[in-house]
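Visitor: Just so it is clear, I am handing over my_file-v1.csv, which has CSV, C-alpha atoms and all ligand atoms.
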chain,number,residue,atom,x,y,z
I,1,MET,CA,-12.7,18.2,4.5
I,2,THR,CA,-13.9,16.9,1.1
I,3,LEU,CA,-14.2,13.1,0.7
I,4,ALA,CA,-12.9,11.7,-2.5
I,5,ILE,CA,-14.2,8.2,-1.6
I,6,ASP,CA,-17.0,7.2,0.8
I,7,VAL,CA,-18.1,3.6,0.5
I,8,SER,CA,-19.8,1.1,2.8
I,9,GLY,CA,-20.5,-2.6,2.9
I,10,LEU,CA,-18.6,-3.5,-0.3
I,11,ASN,CA,-18.3,-7.2,-1.0
I,12,LYS,CA,-16.7,-9.2,-3.8
I,13,ARG,CA,-16.7,-12.9,-4.4
I,14,PHE,CA,-14.7,-14.8,-7.1
I,15,GLY,CA,-16.4,-18.2,-7.3
I,16,ASP,CA,-16.8,-19.5,-3.7
I,17,LYS,CA,-14.0,-17.2,-2.5
I,18,HIS,CA,-15.2,-14.2,-0.5
I,19,VAL,CA,-12.3,-11.9,-1.5
I,20,VAL,CA,-13.5,-8.6,0.1
I,21,ARG,CA,-15.9,-8.6,3.0
I,22,ASP,CA,-18.1,-5.6,4.0
I,23,LEU,CA,-15.5,-3.0,3.2
I,24,SER,CA,-16.4,0.5,4.5
I,25,LEU,CA,-13.9,3.3,4.0
I,26,GLN,CA,-13.5,7.0,3.6
I,27,VAL,CA,-10.6,8.7,1.7
I,28,ARG,CA,-10.1,12.4,1.7
I,29,GLN,CA,-9.4,14.4,-1.4
I,30,GLY,CA,-5.7,14.9,-1.9
I,31,GLU,CA,-4.8,12.2,0.6
I,32,ILE,CA,-2.2,9.5,0.0
I,33,PHE,CA,-4.0,6.4,1.3
I,34,GLY,CA,-2.0,3.1,1.7
I,35,PHE,CA,-3.3,-0.5,1.5
I,36,LEU,CA,-1.3,-3.1,3.3
I,37,GLY,CA,-1.8,-6.7,4.0
I,38,PRO,CA,-0.5,-10.2,3.1
I,39,ASN,CA,-0.5,-11.5,-0.5
I,40,GLY,CA,-4.0,-12.2,-1.6
I,41,SER,CA,-5.7,-10.2,1.2
I,42,GLY,CA,-7.8,-8.3,-1.3
I,43,LYS,CA,-5.9,-5.0,-1.6
I,44,THR,CA,-6.0,-4.8,-5.4
I,45,THR,CA,-9.6,-6.0,-5.6
I,46,SER,CA,-10.6,-3.4,-3.0
I,47,ILE,CA,-8.8,-0.6,-4.8
I,48,ARG,CA,-10.4,-1.6,-8.1
I,49,MET,CA,-13.9,-1.6,-6.7
I,50,LEU,CA,-13.4,1.8,-5.1
I,51,CYS,CA,-12.8,3.4,-8.4
I,52,GLY,CA,-15.2,1.7,-10.7
I,53,LEU,CA,-12.8,-0.7,-12.4
I,54,LEU,CA,-14.6,-3.7,-10.8
I,55,THR,CA,-18.3,-3.9,-9.9
I,56,PRO,CA,-18.9,-5.0,-6.3
I,57,ASP,CA,-21.4,-7.8,-5.7
I,58,SER,CA,-23.1,-5.6,-3.0
I,59,GLY,CA,-22.5,-2.4,-1.1
I,60,GLN,CA,-22.7,1.2,-2.0
I,61,GLY,CA,-20.8,4.4,-2.1
I,62,ILE,CA,-19.4,7.5,-3.9
I,63,CYS,CA,-16.1,8.1,-5.6
I,64,LEU,CA,-15.2,11.5,-6.9
I,65,GLY,CA,-18.9,12.5,-6.6
I,66,TYR,CA,-20.1,9.5,-8.7
I,67,ASP,CA,-22.0,6.4,-7.6
I,68,VAL,CA,-19.5,3.4,-7.6
I,69,ILE,CA,-22.1,1.0,-9.0
I,70,ARG,CA,-24.1,3.0,-11.4
I,71,GLN,CA,-21.6,5.6,-12.7
I,72,SER,CA,-18.4,3.6,-12.9
I,73,ALA,CA,-17.7,4.8,-16.5
I,74,ASP,CA,-17.6,8.4,-15.2
I,75,ILE,CA,-15.2,7.5,-12.4
I,76,LYS,CA,-12.9,5.5,-14.7
I,77,ARG,CA,-12.4,8.6,-16.9
I,78,GLN,CA,-11.0,10.4,-13.9
I,79,VAL,CA,-8.7,7.6,-12.7
I,80,GLY,CA,-5.0,7.0,-13.5
I,81,TYR,CA,-4.0,3.4,-12.9
I,82,MET,CA,-0.4,2.3,-12.6
I,83,THR,CA,-0.3,-1.5,-12.5
I,84,GLN,CA,2.5,-3.7,-10.9
I,85,LYS,CA,4.0,-4.6,-14.3
I,86,PHE,CA,5.6,-2.2,-16.7
I,87,SER,CA,3.0,-2.3,-19.5
I,88,LEU,CA,4.3,0.2,-22.0
I,89,TRP,CA,6.2,-0.6,-25.2
I,90,ASP,CA,9.9,-1.4,-24.9
I,91,ASP,CA,10.6,-0.7,-28.6
I,92,LEU,CA,9.1,2.8,-28.6
I,93,THR,CA,10.9,5.8,-27.2
I,94,ILE,CA,9.7,7.6,-24.1
I,95,ALA,CA,8.0,10.3,-26.1
I,96,GLU,CA,6.5,7.8,-28.6
I,97,ASN,CA,5.0,5.8,-25.7
I,98,LEU,CA,3.4,8.9,-24.3
I,99,GLU,CA,2.1,10.0,-27.7
I,100,PHE,CA,0.6,6.5,-28.2
I,101,VAL,CA,-1.2,6.7,-24.8
I,102,ALA,CA,-2.4,10.2,-25.5
I,103,ARG,CA,-3.9,9.0,-28.8
I,104,MET,CA,-5.6,6.0,-27.1
I,105,PHE,CA,-7.3,8.5,-24.7
I,106,GLY,CA,-8.3,10.5,-27.7
I,107,MET,CA,-6.8,13.6,-26.1
I,108,PRO,CA,-6.9,17.0,-27.8
I,109,ASN,CA,-3.6,18.9,-27.9
I,110,ARG,CA,-1.7,15.7,-27.7
I,111,GLN,CA,1.7,17.1,-28.4
I,112,GLN,CA,1.3,19.8,-25.8
I,113,ALA,CA,0.2,17.2,-23.2
I,114,VAL,CA,3.1,14.9,-23.9
I,115,ASP,CA,5.7,17.8,-23.8
I,116,ALA,CA,4.2,19.0,-20.5
I,117,ALA,CA,4.3,15.4,-19.0
I,118,LEU,CA,8.0,15.0,-20.1
I,119,VAL,CA,8.9,18.2,-18.3
I,120,GLU,CA,6.9,17.6,-15.2
I,121,LEU,CA,8.3,14.1,-14.6
I,122,GLY,CA,11.9,15.0,-15.5
I,123,LEU,CA,11.9,12.9,-18.7
I,124,ALA,CA,12.5,15.6,-21.3
I,125,GLY,CA,16.3,14.9,-21.5
I,126,ARG,CA,15.5,11.2,-22.3
I,127,ARG,CA,12.6,11.7,-24.6
I,128,SER,CA,14.3,9.8,-27.5
I,129,GLN,CA,15.5,6.9,-25.4
I,130,LEU,CA,13.9,3.5,-26.0
I,131,ALA,CA,11.7,2.5,-23.1
I,132,GLY,CA,13.3,-1.0,-23.1
I,133,THR,CA,16.7,0.4,-22.3
I,134,LEU,CA,15.5,2.3,-19.1
I,135,SER,CA,16.4,1.2,-15.6
I,136,GLY,CA,13.5,0.2,-13.2
I,137,GLY,CA,13.3,3.6,-11.7
I,138,TRP,CA,13.0,5.4,-15.0
I,139,LYS,CA,10.5,2.9,-16.3
I,140,GLN,CA,8.4,3.6,-13.3
I,141,ARG,CA,8.6,7.3,-13.9
I,142,LEU,CA,7.5,6.8,-17.5
I,143,SER,CA,4.5,4.7,-16.3
I,144,LEU,CA,3.6,7.4,-13.9
I,145,ALA,CA,3.8,10.1,-16.7
I,146,ALA,CA,1.6,7.9,-18.9
I,147,CYS,CA,-1.2,7.5,-16.3
I,148,LEU,CA,-1.1,11.2,-15.5
I,149,LEU,CA,-1.5,12.3,-19.1
I,150,HIS,CA,-5.2,12.7,-19.0
I,151,ARG,CA,-5.1,14.7,-15.8
I,152,PRO,CA,-6.8,12.2,-13.5
I,153,ARG,CA,-8.2,13.3,-10.1
I,154,LEU,CA,-7.6,9.9,-8.6
I,155,LEU,CA,-4.4,7.9,-9.0
I,156,LEU,CA,-4.1,4.1,-8.2
I,157,LEU,CA,-0.7,2.7,-7.6
I,158,ASP,CA,-0.4,-1.0,-7.3
I,159,GLU,CA,2.9,-1.8,-5.6
I,160,PRO,CA,4.5,0.9,-7.6
I,161,THR,CA,8.1,0.5,-6.3
I,162,ALA,CA,8.6,-3.2,-6.2
I,163,GLY,CA,12.1,-3.9,-7.4
I,164,VAL,CA,13.1,-0.3,-7.6
I,165,ASP,CA,16.3,0.9,-5.8
I,166,PRO,CA,16.0,3.1,-2.6
I,167,LYS,CA,17.1,6.4,-4.3
I,168,ALA,CA,14.6,6.0,-7.1
I,169,ARG,CA,11.9,5.0,-4.6
I,170,ARG,CA,12.6,8.2,-2.5
I,171,ASP,CA,12.4,10.3,-5.7
I,172,PHE,CA,9.1,8.6,-6.7
I,173,TRP,CA,7.6,9.3,-3.3
I,174,GLU,CA,8.6,13.0,-3.6
I,175,GLU,CA,6.7,13.0,-6.8
I,176,ILE,CA,3.6,11.4,-5.2
I,177,HIS,CA,3.6,14.0,-2.4
I,178,ARG,CA,3.8,16.7,-5.0
I,179,LEU,CA,0.8,15.3,-6.8
I,180,SER,CA,-1.1,14.9,-3.5
I,181,ALA,CA,-0.3,18.6,-2.6
I,182,ALA,CA,-1.9,19.5,-6.0
I,183,GLY,CA,-5.1,17.9,-4.9
I,184,ILE,CA,-4.9,14.4,-6.6
I,185,THR,CA,-6.1,11.6,-4.4
I,186,ILE,CA,-3.8,8.6,-4.4
I,187,LEU,CA,-4.5,5.0,-3.4
I,188,VAL,CA,-1.4,2.9,-3.1
I,189,SER,CA,-0.9,-0.8,-2.3
I,190,THR,CA,2.4,-1.7,-0.8
I,191,HIS,CA,4.3,-4.3,1.2
I,192,TYR,CA,7.0,-1.9,2.3
I,193,MET,CA,6.9,-0.4,5.8
I,194,ASP,CA,8.7,2.8,4.8
I,195,GLU,CA,6.2,3.4,2.1
I,196,ALA,CA,3.3,2.8,4.5
I,197,GLU,CA,4.8,5.4,6.8
I,198,ARG,CA,4.9,7.9,3.9
I,199,CYS,CA,1.1,7.6,3.4
I,200,HIS,CA,-1.2,10.1,5.2
I,201,ARG,CA,-3.5,7.3,6.3
I,202,LEU,CA,-3.6,3.5,5.7
I,203,ALA,CA,-5.8,0.4,5.8
I,204,TYR,CA,-4.6,-3.0,6.8
I,205,LEU,CA,-6.5,-5.9,5.2
I,206,ALA,CA,-6.3,-9.6,5.9
I,207,TYR,CA,-8.3,-12.4,4.2
I,208,GLY,CA,-10.6,-9.8,2.7
I,209,SER,CA,-11.4,-8.0,6.0
I,210,LEU,CA,-10.4,-4.5,7.0
I,211,LEU,CA,-8.5,-5.0,10.3
I,212,ALA,CA,-7.4,-1.4,10.9
I,213,ALA,CA,-7.5,2.0,9.3
I,214,GLY,CA,-6.1,5.4,10.3
I,215,THR,CA,-2.8,7.2,10.4
I,216,ALA,CA,0.3,5.1,11.2
I,217,GLU,CA,0.3,6.5,14.7
I,218,GLU,CA,-3.4,5.6,15.2
I,219,VAL,CA,-3.0,2.1,13.8
I,220,ILE,CA,0.0,1.5,16.2
I,221,ALA,CA,-1.8,3.0,19.2
I,222,ALA,CA,-4.9,0.9,18.6
I,223,GLN,CA,-2.9,-2.3,19.2
I,224,ARG,CA,-2.1,-1.1,22.8
I,225,LEU,CA,1.3,-2.8,22.5
I,226,HIS,CA,4.3,-2.3,24.7
I,227,THR,CA,7.6,-3.2,23.0
I,228,TRP,CA,11.0,-4.0,24.3
I,229,VAL,CA,14.1,-4.4,22.2
I,230,VAL,CA,16.5,-7.2,23.0
I,231,ASN,CA,19.9,-6.5,21.5
I,232,GLY,CA,22.8,-8.7,20.3
I,233,VAL,CA,20.9,-11.9,19.8
I,234,HIS,CA,22.9,-14.5,17.8
I,235,ASP,CA,21.0,-17.7,18.9
I,236,PRO,CA,17.7,-18.3,17.2
I,237,ALA,CA,16.6,-20.3,20.3
I,238,VAL,CA,16.3,-17.1,22.3
I,239,SER,CA,13.3,-16.0,20.2
I,240,SER,CA,11.3,-19.1,21.1
I,241,ALA,CA,12.4,-19.0,24.7
I,242,LEU,CA,11.1,-15.3,24.9
I,243,LEU,CA,7.9,-16.3,23.2
I,244,ALA,CA,7.2,-18.8,25.9
I,245,LEU,CA,7.4,-16.2,28.7
I,246,PRO,CA,4.1,-15.0,30.3
I,247,GLY,CA,3.1,-11.6,28.9
I,248,VAL,CA,5.0,-12.0,25.6
I,249,GLU,CA,2.6,-12.0,22.7
I,250,GLN,CA,5.0,-11.7,19.8
I,251,VAL,CA,8.7,-11.7,18.9
I,252,ALA,CA,9.9,-10.2,15.7
I,253,THR,CA,13.5,-10.4,14.5
I,254,PHE,CA,15.2,-7.4,13.0
I,255,GLY,CA,18.8,-8.4,12.2
I,256,LEU,CA,20.5,-9.0,15.6
I,257,THR,CA,17.7,-7.4,17.6
I,258,LEU,CA,14.4,-8.8,18.7
I,259,HIS,CA,11.2,-6.7,19.1
I,260,VAL,CA,9.3,-8.3,22.0
I,261,SER,CA,5.8,-7.1,22.5
I,262,GLY,CA,2.7,-7.6,24.6
I,263,GLN,CA,-0.2,-5.6,26.0
I,264,ASP,CA,0.4,-6.2,29.7
I,265,ALA,CA,3.3,-3.7,30.3
I,266,ARG,CA,4.1,-4.7,33.9
I,267,LEU,CA,4.1,-8.5,33.3
I,268,LEU,CA,6.1,-8.1,30.2
I,269,SER,CA,8.8,-5.8,31.6
I,270,ALA,CA,9.2,-8.0,34.8
I,271,GLN,CA,9.5,-11.2,32.8
I,272,LEU,CA,11.9,-9.7,30.2
I,273,ALA,CA,14.1,-8.1,32.9
I,274,GLN,CA,14.5,-11.4,34.6
I,275,PHE,CA,15.2,-13.3,31.4
I,276,CYS,CA,17.7,-10.8,30.0
I,277,GLN,CA,19.6,-10.6,33.3
I,278,ALA,CA,19.8,-14.4,33.5
I,279,HIS,CA,21.1,-14.7,29.9
I,280,GLY,CA,23.3,-11.5,29.8
I,281,LEU,CA,21.2,-9.8,27.2
I,282,ASN,CA,20.7,-6.1,26.7
I,283,LEU,CA,17.1,-4.8,27.1
I,284,GLN,CA,15.7,-1.5,26.1
I,285,ALA,CA,12.1,-0.1,26.0
I,286,ALA,CA,11.2,1.1,22.5
I,287,PRO,CA,8.0,2.5,20.8
I,288,PRO,CA,6.2,-0.2,18.9
I,289,SER,CA,6.7,0.1,15.1
I,290,LEU,CA,4.1,-0.1,12.4
I,291,GLU,CA,5.4,-3.6,11.6
I,292,ASP,CA,5.0,-4.7,15.2
I,293,ALA,CA,1.4,-3.5,15.0
I,294,PHE,CA,0.7,-5.4,11.8
I,295,ILE,CA,2.2,-8.6,13.2
I,296,HIS,CA,-0.1,-8.2,16.1
I,297,LEU,CA,-3.1,-7.6,13.9
I,298,MET,CA,-2.4,-10.8,12.0
I,299,ARG,CA,-2.2,-12.9,15.2
I,300,ASP,CA,-6.0,-13.1,15.5
I,301,ALA,CA,-6.7,-13.2,11.7
I,302,ARG,CA,-7.7,-16.6,10.4
I,303,ASP,CA,-7.4,-17.6,6.8
I,304,PRO,CA,-10.9,-18.9,6.0
I,305,PHE,CA,-9.6,-20.9,3.1
I,306,GLN,CA,-7.2,-22.9,5.3
I,307,GLY,CA,-10.0,-23.9,7.7
R,1,LIG,N1,-10.4,-11.9,-11.5
R,1,LIG,C1,-10.2,-12.8,-10.5
R,1,LIG,N2,-10.7,-14.1,-10.6
R,1,LIG,C2,-10.6,-15.0,-9.6
R,1,LIG,N3,-9.9,-14.7,-8.5
R,1,LIG,C3,-9.4,-13.5,-8.3
R,1,LIG,C4,-9.4,-12.5,-9.3
R,1,LIG,N4,-8.8,-11.4,-8.9
R,1,LIG,C5,-8.3,-11.7,-7.7
R,1,LIG,N5,-8.6,-13.0,-7.3
R,1,LIG,C6,-8.3,-13.7,-6.0
R,1,LIG,O1,-8.7,-12.8,-5.0
R,1,LIG,C7,-7.8,-12.8,-3.9
R,1,LIG,C8,-7.4,-11.4,-3.6
R,1,LIG,O2,-6.6,-10.9,-4.7
R,1,LIG,P1,-6.0,-9.4,-4.7
R,1,LIG,O3,-5.2,-9.3,-5.9
R,1,LIG,O4,-7.1,-8.5,-4.4
R,1,LIG,O5,-5.0,-9.5,-3.4
R,1,LIG,P2,-3.8,-8.5,-3.0
R,1,LIG,O6,-4.0,-8.3,-1.5
R,1,LIG,O7,-3.8,-7.4,-3.9
R,1,LIG,O8,-2.6,-9.5,-3.3
R,1,LIG,P3,-1.0,-9.2,-3.6
R,1,LIG,O9,-0.4,-8.6,-2.4
R,1,LIG,O10,-0.5,-10.6,-3.9
R,1,LIG,O11,-1.0,-8.3,-4.8
R,1,LIG,C9,-6.7,-13.8,-4.3
R,1,LIG,O12,-7.0,-15.0,-3.8
R,1,LIG,C10,-6.8,-13.8,-5.8
R,1,LIG,O13,-6.3,-15.0,-6.3
What is this file in structure tokens?
Guide:
Amino acid sequence: MTLAIDVSGLNKRFGDKHVVRDLSLQVRQGEIFGFLGPNGSGKTTSIRMLCGLLTPDSGQGICLGYDVIRQSADIKRQVGYMTQKFSLWDDLTIAENLEFVARMFGMPNRQQAVDAALVELGLAGRRSQLAGTLSGGWKQRLSLAACLLHRPRLLLLDEPTAGVDPKARRDFWEEIHRLSAAGITILVSTHYMDEAERCHRLAYLAYGSLLAAGTAEEVIAAQRLHTWVVNGVHDPAVSSALLALPGVEQVATFGLTLHVSGQDARLLSAQLAQFCQAHGLNLQAAPPSLEDAFIHLMRDARDPFQG
């Protein structure tokens, strides 16, 4: 197993805000590693520190064989960064956008690299289309092609599929898995559970601290939750009534079903059975989901800026 990233004790402050606290993390080469957590939890800041785009205030580590503090310029050359916003030129065609980026990187054999990227990302048929006229999914594909032009070994994707339809998202993830299989390491920040489940491993951050890391299965198992699903709930008052029962630690609503979780399996099942029988509700045991695990993780996390 080769590690692409191995860092420990990374910290970053902006003014008096401690945005990333003692981050220690290992990412394997060729792995798709997801970063999840609420807005402002430090995902982007962490990712940028890991790959030399931002200097940590303290800490140490290696990325792609280079020191994250002293050799950040060497790391940056090997990184492709796809930001949240489409940042190419609307009034250039797809091919012109890629040619422009290739020139900015000072790449030799520019035309060849652009033609290869167009074919690899399925953009060849649209090479003369203006970028501004593309749908969200195609724009995202063009952004990906642009950040792969210089053949990076590490790819950073910052909420890459926000606002993109489900079919385009699925296609995009197929592409990401193809790149990972070719040995490119991929760090991706996301708020989507289905994307989190497509990552090989993930980290959950809240208020700058790493609360959990591992495969989705490991993150779920570490919470030691037992979950029951209560079906056909139309009355919002049911949720608060359930939350007040002994043994119930959290209730999450998914449409007309409620996921009720706690760590004490016997107490939880006895209380729920009694409640559901009394209220004529259907009750089924279910494996806890990643979202249940994340909600549980957040229960004990405190926002230091809110006191
Ligand atoms: N350059 C900066 N200067 C000052 N504060 C910053 C800077 N960059 C980020 N922050 C602050 O650091 C905190 C963490 O931001 P970051 O973008 O890393 O979070 P995030 O988890 O990626 O959030 P989101 O999910 O909203 O993208 C936020 O409070 C943000 O306002």
Visitor: Extract, using all atoms listed in the file, all DNA, RNA and protein residues at most 9 Å from Ala168 of chain I, discarding same-chain residues fewer than 4 positions from it, and format them as a list in words.
Guide: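 My reading of the contact set: Gly136, Gly137, Trp138, Thr161, Val164, Phe172 and Trp173 of chain I.
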Visitor: Now that the selection is made, can you save its residues with C-alpha atoms as a PDB file, in the coordinates of the input?
Guide:
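File produced: out_19.pdb:
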ATOM      1  CA  GLY I 136      13.500   0.200 -13.200  1.00  0.00           C
ATOM      2  CA  GLY I 137      13.300   3.600 -11.700  1.00  0.00           C
ATOM      3  CA  TRP I 138      13.000   5.400 -15.000  1.00  0.00           C
ATOM      4  CA  THR I 161       8.100   0.500  -6.300  1.00  0.00           C
ATOM      5  CA  VAL I 164      13.100  -0.300  -7.600  1.00  0.00           C
ATOM      6  CA  PHE I 172       9.100   8.600  -6.700  1.00  0.00           C
ATOM      7  CA  TRP I 173       7.600   9.300  -3.300  1.00  0.00           C
TER       8      TRP I 173
END
Visitor: Name the residues, using the chain letters and numbers of the file, that sit within 7 Å of (6.0, -1.1, 20.7) when counting only C-alpha atoms, and give them as a ChimeraX atom specification.
Guide: /I:225-228,261,286-289,292
Visitor: May I have a table of the residues of chain I lying at most 8 Å from ligand LIG 1 (chain R), giving each one's closest pair of atoms and their distance in Å to one decimal, counting all atoms listed in the file, ordered by chain and ascending residue number, as a tab-separated table?
Guide:
residue	atom	partner	partner_atom	distance
I:Phe14	CA	R:LIG1	C2	4.8
I:Gly15	CA	R:LIG1	C2	7.0
I:Lys17	CA	R:LIG1	O1	7.3
I:Val19	CA	R:LIG1	O1	5.1
I:Val20	CA	R:LIG1	C8	7.7
I:Leu36	CA	R:LIG1	O6	7.6
I:Gly37	CA	R:LIG1	O6	6.1
I:Pro38	CA	R:LIG1	O9	5.7
I:Asn39	CA	R:LIG1	O9	3.5
I:Gly40	CA	R:LIG1	O5	3.4
I:Ser41	CA	R:LIG1	O6	3.7
I:Gly42	CA	R:LIG1	O4	3.2
I:Lys43	CA	R:LIG1	O6	3.8
I:Thr44	CA	R:LIG1	O7	3.7
I:Thr45	CA	R:LIG1	O4	3.7
I:Ser46	CA	R:LIG1	O4	6.3
I:Asp158	CA	R:LIG1	O11	7.7
I:Glu159	CA	R:LIG1	O11	7.6
I:Ser189	CA	R:LIG1	O7	7.4
I:Thr190	CA	R:LIG1	O9	7.6
I:His191	CA	R:LIG1	O9	7.3
I:Leu205	CA	R:LIG1	O6	7.5
I:Ala206	CA	R:LIG1	O6	7.9
I:Tyr207	CA	R:LIG1	C8	7.9
I:Gly208	CA	R:LIG1	C8	7.2
Visitor: Keeping C-alpha atoms, export the residues of the selection given above as a PDB file, in the coordinates of the input.
Guide:
ATOM      1  CA  PHE I  14     -14.700 -14.800  -7.100  1.00  0.00           C
ATOM      2  CA  GLY I  15     -16.400 -18.200  -7.300  1.00  0.00           C
ATOM      3  CA  LYS I  17     -14.000 -17.200  -2.500  1.00  0.00           C
ATOM      4  CA  VAL I  19     -12.300 -11.900  -1.500  1.00  0.00           C
ATOM      5  CA  VAL I  20     -13.500  -8.600   0.100  1.00  0.00           C
ATOM      6  CA  LEU I  36      -1.300  -3.100   3.300  1.00  0.00           C
ATOM      7  CA  GLY I  37      -1.800  -6.700   4.000  1.00  0.00           C
ATOM      8  CA  PRO I  38      -0.500 -10.200   3.100  1.00  0.00           C
ATOM      9  CA  ASN I  39      -0.500 -11.500  -0.500  1.00  0.00           C
ATOM     10  CA  GLY I  40      -4.000 -12.200  -1.600  1.00  0.00           C
ATOM     11  CA  SER I  41      -5.700 -10.200   1.200  1.00  0.00           C
ATOM     12  CA  GLY I  42      -7.800  -8.300  -1.300  1.00  0.00           C
ATOM     13  CA  LYS I  43      -5.900  -5.000  -1.600  1.00  0.00           C
ATOM     14  CA  THR I  44      -6.000  -4.800  -5.400  1.00  0.00           C
ATOM     15  CA  THR I  45      -9.600  -6.000  -5.600  1.00  0.00           C
ATOM     16  CA  SER I  46     -10.600  -3.400  -3.000  1.00  0.00           C
ATOM     17  CA  ASP I 158      -0.400  -1.000  -7.300  1.00  0.00           C
ATOM     18  CA  GLU I 159       2.900  -1.800  -5.600  1.00  0.00           C
ATOM     19  CA  SER I 189      -0.900  -0.800  -2.300  1.00  0.00           C
ATOM     20  CA  THR I 190       2.400  -1.700  -0.800  1.00  0.00           C
ATOM     21  CA  HIS I 191       4.300  -4.300   1.200  1.00  0.00           C
ATOM     22  CA  LEU I 205      -6.500  -5.900   5.200  1.00  0.00           C
ATOM     23  CA  ALA I 206      -6.300  -9.600   5.900  1.00  0.00           C
ATOM     24  CA  TYR I 207      -8.300 -12.400   4.200  1.00  0.00           C
ATOM     25  CA  GLY I 208     -10.600  -9.800   2.700  1.00  0.00           C
TER      26      GLY I 208
END
Visitor: One decimal, Å: what's the distance from atom CA of Phe100 of chain I over to atom CA of Ile47 of chain I, could you say?
Guide: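 Interatomic distance, atom CA of Phe100 of chain I to atom CA of Ile47 of chain I: 26.2 Å.
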Visitor: Which neighbours of segment 243-245 of chain I fall inside 9 Å, counting all atoms listed in the file, when residues of the same chain fewer than 3 positions from it are skipped, and could you give them as a list in words?
Guide: Val238, Ser239, Ser240, Val248, Glu249, Gln250, Val251, Val260, Leu268, Gln271, Leu272 and Phe275 of chain I
Visitor: Compare I:Leu210, I:Leu242, I:Ala124, I:Ala73 by their minimum atom-to-atom distance to Gly9 of chain I, counting all atoms listed in the file, and give me the closest one.
Guide: I:Leu210
Visitor: Got a sec: who's within 12 Å of Met1 of chain I, counting only C-alpha atoms, leaving out chain neighbours fewer than 4 positions off, as a ChimeraX atom specification?
Guide: /I:5,26-31
Visitor: Can you tell me which residues surround Gly61 of chain I at a distance of at most 12 Å, considering all atoms listed in the file, apart from same-chain residues fewer than 5 positions away, and format the answer as a ChimeraX atom specification?
Guide: /I:3-11,23-27,49-52,55-56,66-72
Visitor: Using all atoms listed in the file, can you tell me which of I:Asp171, I:Gly214, I:Asp91, I:Gly163 comes closest to Ser135 of chain I?
Guide: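 Looking only at the distances to Ser135 of chain I, the closest residue turns out to be I:Gly163.
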Visitor: Enter the distance from atom CA of Glu291 of chain I to atom CA of Ala265 of chain I, in Å, rounded to one decimal.
Guide: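 Atom CA of Ala265 of chain I lies 18.8 Å from atom CA of Glu291 of chain I.
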Visitor: Write out as a PyMOL selection string which residues come within 10 Å of Asp300 of chain I when counting only C-alpha atoms, dropping same-chain ones fewer than 4 positions away.
Guide: chain I and resi 211+295-296
Visitor: Could you tell me how far atom CA of Ser269 of chain I sits from atom CA of Phe294 of chain I, in Å to one decimal place?
Guide: 21.4 Å
Visitor: Which residue, I:Arg110, I:Ala301, I:Leu64, I:Arg13, has the smallest gap to Ser209 of chain I when you use only C-alpha atoms?
Guide: I:Ala301
